[in-house]
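Peer 1: I am sharing work-v3.txt, which consists of compact mmCIF, C-alpha atoms:
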# COMPACT_ATOMS: atom_id res chain seq x y z
CA ASP B 1 -29.78 -81.93 38.17
CA ALA B 2 -27.23 -79.50 39.50
CA GLY B 3 -28.56 -76.10 40.35
CA ILE B 4 -30.43 -74.04 42.87
CA THR B 5 -34.11 -74.62 43.49
CA GLN B 6 -36.65 -72.68 45.47
CA SER B 7 -40.00 -73.85 46.77
CA PRO B 8 -42.78 -73.08 46.62
CA ARG B 9 -42.91 -70.94 43.46
CA TYR B 10 -46.06 -69.19 44.66
CA LYS B 11 -47.48 -68.80 48.14
CA ILE B 12 -50.47 -66.95 49.51
CA THR B 13 -50.74 -66.60 53.26
CA GLU B 14 -52.58 -64.54 55.83
CA THR B 15 -51.21 -61.85 58.08
CA GLY B 16 -49.75 -63.29 61.25
CA ARG B 17 -49.03 -66.76 59.89
CA GLN B 18 -45.59 -68.31 59.84
CA VAL B 19 -44.20 -69.08 56.40
CA THR B 20 -41.02 -70.87 55.39
CA LEU B 21 -39.45 -70.52 51.97
CA MET B 22 -37.04 -73.25 50.97
CA CYS B 23 -33.80 -73.04 49.05
CA HIS B 24 -31.60 -75.94 48.00
CA GLN B 25 -28.36 -75.91 45.99
CA THR B 26 -26.36 -78.84 44.66
CA TRP B 27 -22.99 -77.16 44.04
CA SER B 28 -21.81 -77.21 47.67
CA HIS B 29 -21.30 -73.46 47.44
CA SER B 30 -20.28 -71.94 50.74
CA TYR B 31 -22.16 -68.66 50.35
CA MET B 32 -25.93 -68.46 50.21
CA PHE B 33 -28.12 -65.37 50.11
CA TRP B 34 -31.75 -64.34 50.41
CA TYR B 35 -33.00 -61.28 48.54
CA ARG B 36 -36.37 -59.68 48.15
CA GLN B 37 -37.27 -57.83 44.98
CA ASP B 38 -39.79 -55.02 44.98
CA LEU B 39 -40.60 -52.49 42.28
CA GLY B 40 -38.33 -49.49 42.60
CA HIS B 41 -35.99 -51.16 45.07
CA GLY B 42 -34.18 -53.76 43.02
CA LEU B 43 -32.67 -56.65 44.97
CA ARG B 44 -32.39 -56.08 48.70
CA LEU B 45 -30.38 -58.48 50.83
CA ILE B 46 -32.27 -60.01 53.74
CA TYR B 47 -29.76 -62.51 55.16
CA TYR B 48 -26.69 -64.33 54.00
CA SER B 49 -24.59 -67.25 55.11
CA ALA B 50 -20.88 -67.81 54.58
CA ALA B 51 -20.99 -71.48 55.61
CA ALA B 52 -23.07 -73.97 57.52
CA ASP B 53 -24.07 -72.59 60.93
CA ILE B 54 -22.85 -69.10 60.01
CA THR B 55 -25.48 -66.51 59.14
CA ASP B 56 -25.58 -62.73 59.15
CA LYS B 57 -28.04 -59.93 58.60
CA GLY B 58 -28.30 -58.03 55.38
CA GLU B 59 -30.00 -54.75 54.57
CA VAL B 60 -33.60 -55.68 55.52
CA PRO B 61 -33.58 -58.54 58.10
CA ASP B 62 -36.46 -57.48 60.36
CA GLY B 63 -39.26 -60.03 60.50
CA TYR B 64 -37.19 -62.82 58.98
CA VAL B 65 -35.26 -65.75 60.42
CA VAL B 66 -32.80 -68.05 58.66
CA SER B 67 -30.92 -71.20 59.50
CA ARG B 68 -28.16 -73.18 57.78
CA SER B 69 -27.69 -76.55 59.40
CA LYS B 70 -26.53 -78.09 56.11
CA THR B 71 -24.44 -76.50 53.38
CA GLU B 72 -27.02 -77.19 50.68
CA ASN B 73 -30.11 -75.77 52.41
CA PHE B 74 -30.91 -72.22 53.46
CA PRO B 75 -34.56 -71.80 54.52
CA LEU B 76 -36.07 -68.38 55.13
CA THR B 77 -38.86 -68.08 57.70
CA LEU B 78 -41.29 -65.23 58.14
CA GLU B 79 -42.25 -65.67 61.77
CA SER B 80 -45.45 -63.59 61.61
CA ALA B 81 -46.14 -62.48 58.06
CA THR B 82 -47.15 -58.88 57.36
CA ARG B 83 -48.53 -57.31 54.17
CA SER B 84 -45.27 -55.40 53.73
CA GLN B 85 -43.56 -58.74 53.21
CA THR B 86 -45.51 -59.35 50.03
CA SER B 87 -42.68 -59.62 47.52
CA VAL B 88 -40.71 -61.90 45.25
CA TYR B 89 -37.96 -63.70 47.14
CA PHE B 90 -34.78 -64.93 45.50
CA CYS B 91 -32.23 -67.29 46.90
CA ALA B 92 -28.70 -67.32 45.50
CA SER B 93 -25.44 -69.14 46.07
CA SER B 94 -21.81 -68.39 45.35
CA ASP B 95 -18.44 -70.07 45.50
CA THR B 96 -15.87 -68.73 47.95
CA GLN B 97 -13.31 -68.43 45.18
CA GLY B 98 -12.61 -64.75 44.70
CA GLN B 99 -14.66 -62.88 42.13
CA SER B 100 -17.36 -65.49 41.66
CA PRO B 101 -20.86 -64.75 40.33
CA LEU B 102 -24.07 -65.46 42.18
CA HIS B 103 -26.35 -68.21 40.94
CA PHE B 104 -30.02 -67.42 41.48
CA GLY B 105 -33.08 -69.59 41.96
CA ASN B 106 -36.27 -68.80 40.05
CA GLY B 107 -37.87 -67.07 42.99
CA THR B 108 -40.90 -67.44 45.25
CA ARG B 109 -43.76 -64.99 44.80
CA LEU B 110 -45.27 -64.46 48.24
CA THR B 111 -48.56 -62.68 48.81
CA VAL B 112 -49.64 -61.82 52.36
CA THR B 113 -53.35 -60.99 52.63
CA GLY I 114 -20.06 -49.67 52.48
CA GLU I 115 -20.35 -49.98 48.73
CA ASN I 116 -23.01 -48.02 46.85
CA VAL I 117 -23.96 -48.83 43.25
CA GLU I 118 -26.02 -46.45 41.14
CA GLN I 119 -27.58 -47.74 37.92
CA HIS I 120 -29.07 -45.70 35.07
CA PRO I 121 -31.43 -45.53 33.37
CA SER I 122 -34.21 -47.33 35.25
CA THR I 123 -36.08 -47.89 31.98
CA LEU I 124 -34.70 -48.05 28.45
CA SER I 125 -36.82 -48.40 25.35
CA VAL I 126 -35.17 -49.08 21.95
CA GLN I 127 -36.10 -50.28 18.50
CA GLU I 128 -34.97 -53.68 17.35
CA GLY I 129 -31.50 -53.42 15.84
CA ASP I 130 -30.50 -50.37 17.88
CA SER I 131 -27.80 -50.41 20.55
CA ALA I 132 -28.53 -50.17 24.27
CA VAL I 133 -26.21 -48.88 26.97
CA ILE I 134 -26.71 -49.22 30.71
CA LYS I 135 -24.37 -47.45 33.10
CA CYS I 136 -23.37 -48.11 36.70
CA THR I 137 -21.19 -46.23 39.13
CA TYR I 138 -19.69 -47.59 42.33
CA SER I 139 -18.18 -45.95 45.37
CA ASP I 140 -15.69 -48.41 46.89
CA SER I 141 -12.36 -48.50 45.07
CA ALA I 142 -11.68 -51.92 46.64
CA SER I 143 -14.39 -53.52 44.47
CA ASN I 144 -12.71 -55.70 41.88
CA TYR I 145 -15.44 -57.79 40.28
CA PHE I 146 -18.36 -56.42 38.25
CA PRO I 147 -20.98 -58.86 36.99
CA TRP I 148 -24.09 -58.13 34.94
CA TYR I 149 -27.25 -60.16 35.34
CA LYS I 150 -30.31 -60.55 33.13
CA GLN I 151 -33.66 -61.30 34.68
CA GLU I 152 -36.40 -62.50 32.38
CA LEU I 153 -40.01 -62.36 33.45
CA GLY I 154 -40.79 -64.93 36.13
CA LYS I 155 -37.22 -66.14 36.42
CA GLY I 156 -34.17 -65.61 38.55
CA SER I 157 -31.27 -63.47 37.41
CA GLN I 158 -28.62 -65.07 35.25
CA LEU I 159 -25.05 -63.91 34.75
CA ILE I 160 -24.55 -62.64 31.20
CA ILE I 161 -21.09 -61.12 31.41
CA ASP I 162 -18.60 -60.02 34.02
CA ILE I 163 -15.40 -58.06 34.21
CA ARG I 164 -12.54 -57.96 36.67
CA SER I 165 -10.67 -54.87 37.71
CA ASN I 166 -7.52 -55.76 35.79
CA VAL I 167 -9.42 -55.59 32.48
CA GLY I 168 -10.86 -52.53 30.73
CA GLU I 169 -13.25 -54.19 28.30
CA LYS I 170 -14.74 -57.58 27.63
CA LYS I 171 -16.91 -58.75 24.73
CA ASP I 172 -19.15 -61.73 24.16
CA GLN I 173 -20.89 -61.64 20.80
CA ARG I 174 -23.41 -58.76 20.94
CA ILE I 175 -22.67 -57.92 24.57
CA ALA I 176 -19.74 -55.92 25.91
CA VAL I 177 -18.81 -54.44 29.26
CA THR I 178 -16.38 -51.58 29.84
CA LEU I 179 -14.77 -50.59 33.12
CA ASN I 180 -13.21 -47.27 34.07
CA LYS I 181 -11.56 -47.78 37.47
CA THR I 182 -10.45 -44.19 37.76
CA ALA I 183 -13.96 -42.85 37.34
CA LYS I 184 -15.46 -45.87 39.15
CA HIS I 185 -18.03 -46.67 36.50
CA PHE I 186 -18.79 -49.59 34.25
CA SER I 187 -21.25 -50.01 31.41
CA LEU I 188 -23.12 -52.74 29.57
CA HIS I 189 -23.40 -52.40 25.81
CA ILE I 190 -25.81 -54.49 23.76
CA THR I 191 -25.58 -54.13 19.99
CA GLU I 192 -28.16 -55.15 17.37
CA THR I 193 -30.84 -55.56 20.03
CA GLN I 194 -33.49 -58.23 19.57
CA PRO I 195 -36.91 -58.62 21.24
CA GLU I 196 -35.51 -61.47 23.34
CA ASP I 197 -33.11 -58.99 24.92
CA SER I 198 -36.12 -57.45 26.69
CA ALA I 199 -35.57 -58.06 30.41
CA VAL I 200 -34.43 -56.40 33.61
CA TYR I 201 -30.66 -56.00 33.84
CA PHE I 202 -28.77 -55.65 37.12
CA CYS I 203 -25.21 -54.56 37.63
CA ALA I 204 -23.24 -55.43 40.75
CA ALA I 205 -19.92 -54.65 42.39
CA ARG I 206 -18.04 -57.04 44.61
CA GLU I 207 -14.73 -57.11 46.46
CA GLY I 208 -13.42 -60.64 46.28
CA SER I 209 -15.83 -62.98 48.02
CA TYR I 210 -17.47 -60.26 50.07
CA ILE I 211 -21.18 -59.51 49.73
CA PRO I 212 -22.00 -58.04 46.31
CA THR I 213 -23.89 -54.77 46.02
CA PHE I 214 -26.50 -54.53 43.29
CA GLY I 215 -27.80 -51.63 41.29
CA ARG I 216 -31.58 -51.09 41.24
CA GLY I 217 -32.02 -52.57 37.80
CA THR I 218 -32.83 -51.36 34.28
CA SER I 219 -35.92 -52.52 32.45
CA LEU I 220 -34.92 -52.86 28.78
CA ILE I 221 -37.74 -52.96 26.25
CA VAL I 222 -36.88 -53.81 22.65
CA HIS I 223 -39.68 -52.96 20.21
CA PRO I 224 -39.93 -55.16 17.11
Could the structure of this file be written out as structure tokens, please?

Peer 2:
Amino acid sequence: DAGITQSPRYKITETGRQVTLMCHQTWSHSYMFWYRQDLGHGLRLIYYSAAADITDKGEVPDGYVVSRSKTENFPLTLESATRSQTSVYFCASSDTQGQSPLHFGNGTRLTVT
Amino acid sequence: GENVEQHPSTLSVQEGDSAVIKCTYSDSASNYFPWYKQELGKGSQLIIDIRSNVGEKKDQRIAVTLNKTAKHFSLHITETQPEDSAVYFCAAREGSYIPTFGRGTSLIVHP
């Protein structure tokens, strides 16, 4: 099915562990984004990518790493998880055509203990 | 950079009433203004959008208005139903540049 999927849906990890959140889209959209959503802060951009092998920092990139070797995949890695990274993470994609909406995945709820 | 303010943060209405959510933006170059609805446990979905060459757009019970001079746009939901309860986000975007989101409005529709 066409769409954007995130995995896992839920993840519990311990402080200091490395965690990778996966995002896959089937539209061949050029743009992909990672957001975190916390109460009172709305959606905050972590990283984005304009195309394969092109990534850039967003508003809150510290502690996160991304890669985009293929257009359809945009994994987000927490190199050494901290409790402050407990959040709901959303991946999104967008066409490059001007004035296009974002298409969001259903999110990954991450808890760092 | 762009800054988007969204109000109110919480909106409680009775079923059948109208609901209005307002957003202001700072960058006059923004030309695309989508609204997203996020239901519990799900990702945000586009419900309506408006481009800068249009002042108003309607889709059944939902409408969006845009005032470019004042740099604000609003979401109007008429005849609200319990299934309209969700978090709503506005956003502003210039072409294919990175969109800027408001902080969200939690709409609660009481039966």

Peer 1: List the residues sitting within 6 Å of (-37.6, -69.3, 45.4) in the file's frame, using all atoms listed in the file, as a ChimeraX atom specification.

Peer 2: /B:6-7,9,89-91,105-108

Peer 1: Counting all atoms listed in the file, which residues of chain I fall within 9 Å of chain B, and what is the closest atom pair for each with its distance in Å at one decimal, ordered by chain and rising number, as JSON lines?

Peer 2:
{"residue": "I:Ser122", "atom": "CA", "partner": "B:Gly40", "partner_atom": "CA", "distance": 8.7}
{"residue": "I:Asn144", "atom": "CA", "partner": "B:Gln99", "partner_atom": "CA", "distance": 7.4}
{"residue": "I:Tyr145", "atom": "CA", "partner": "B:Gln99", "partner_atom": "CA", "distance": 5.5}
{"residue": "I:Phe146", "atom": "CA", "partner": "B:Gln99", "partner_atom": "CA", "distance": 8.4}
{"residue": "I:Pro147", "atom": "CA", "partner": "B:Pro101", "partner_atom": "CA", "distance": 6.8}
{"residue": "I:Gly154", "atom": "CA", "partner": "B:Asn106", "partner_atom": "CA", "distance": 7.1}
{"residue": "I:Lys155", "atom": "CA", "partner": "B:Asn106", "partner_atom": "CA", "distance": 4.6}
{"residue": "I:Gly156", "atom": "CA", "partner": "B:Asn106", "partner_atom": "CA", "distance": 4.1}
{"residue": "I:Ser157", "atom": "CA", "partner": "B:Phe104", "partner_atom": "CA", "distance": 5.8}
{"residue": "I:Gln158", "atom": "CA", "partner": "B:Phe104", "partner_atom": "CA", "distance": 6.8}
{"residue": "I:Leu159", "atom": "CA", "partner": "B:Pro101", "partner_atom": "CA", "distance": 7.0}
{"residue": "I:Asp162", "atom": "CA", "partner": "B:Pro101", "partner_atom": "CA", "distance": 8.2}
{"residue": "I:Arg164", "atom": "CA", "partner": "B:Gln99", "partner_atom": "CA", "distance": 7.6}
{"residue": "I:Phe202", "atom": "CA", "partner": "B:Gly42", "partner_atom": "CA", "distance": 8.2}
{"residue": "I:Arg206", "atom": "CA", "partner": "B:Gln99", "partner_atom": "CA", "distance": 7.2}
{"residue": "I:Glu207", "atom": "CA", "partner": "B:Gln99", "partner_atom": "CA", "distance": 7.2}
{"residue": "I:Gly208", "atom": "CA", "partner": "B:Gly98", "partner_atom": "CA", "distance": 4.5}
{"residue": "I:Ser209", "atom": "CA", "partner": "B:Gly98", "partner_atom": "CA", "distance": 5.0}
{"residue": "I:Tyr210", "atom": "CA", "partner": "B:Gly98", "partner_atom": "CA", "distance": 8.5}
{"residue": "I:Ile211", "atom": "CA", "partner": "B:Tyr48", "partner_atom": "CA", "distance": 8.5}
{"residue": "I:Pro212", "atom": "CA", "partner": "B:Leu102", "partner_atom": "CA", "distance": 8.7}
{"residue": "I:Thr213", "atom": "CA", "partner": "B:Leu45", "partner_atom": "CA", "distance": 8.9}
{"residue": "I:Phe214", "atom": "CA", "partner": "B:Leu43", "partner_atom": "CA", "distance": 6.7}
{"residue": "I:Gly215", "atom": "CA", "partner": "B:Gly42", "partner_atom": "CA", "distance": 6.9}
{"residue": "I:Arg216", "atom": "CA", "partner": "B:Gly42", "partner_atom": "CA", "distance": 4.1}
{"residue": "I:Gly217", "atom": "CA", "partner": "B:Gly42", "partner_atom": "CA", "distance": 5.8}

Peer 1: Report as AutoDock Vina command-line options the centre and the edge lengths, in Å to one decimal, of the axis-aligned box holding every listed atom of stretch 36-40 of chain B, padded by 5 Å on each side.

Peer 2:
--center_x -38.5 --center_y -54.6 --center_z 45.2 --size_x 14.2 --size_y 20.2 --size_z 15.9

Peer 1: Let me make sure I understand: among B:His29, B:Leu78, B:Arg83, B:Arg68, which one has the smallest atom-to-atom distance to B:Asp56 if we use all atoms listed in the file?

Peer 2: B:Arg68

Peer 1: What does the distance from atom CA of B:Tyr10 to atom CA of B:Thr113 come to in Å, to one decimal?

Peer 2: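 Interatomic distance here is 13.6 Å.
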
Peer 1: When you draw a straight line from atom CA of B:Arg17 to atom CA of B:Trp34, how long is it in Å?

Peer 2: 19.9 Å

Peer 1: When you draw a straight line from atom CA of I:Ala132 to atom CA of I:Gly114, how long is it in Å?

Peer 2: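 Interatomic distance here is 29.5 Å.
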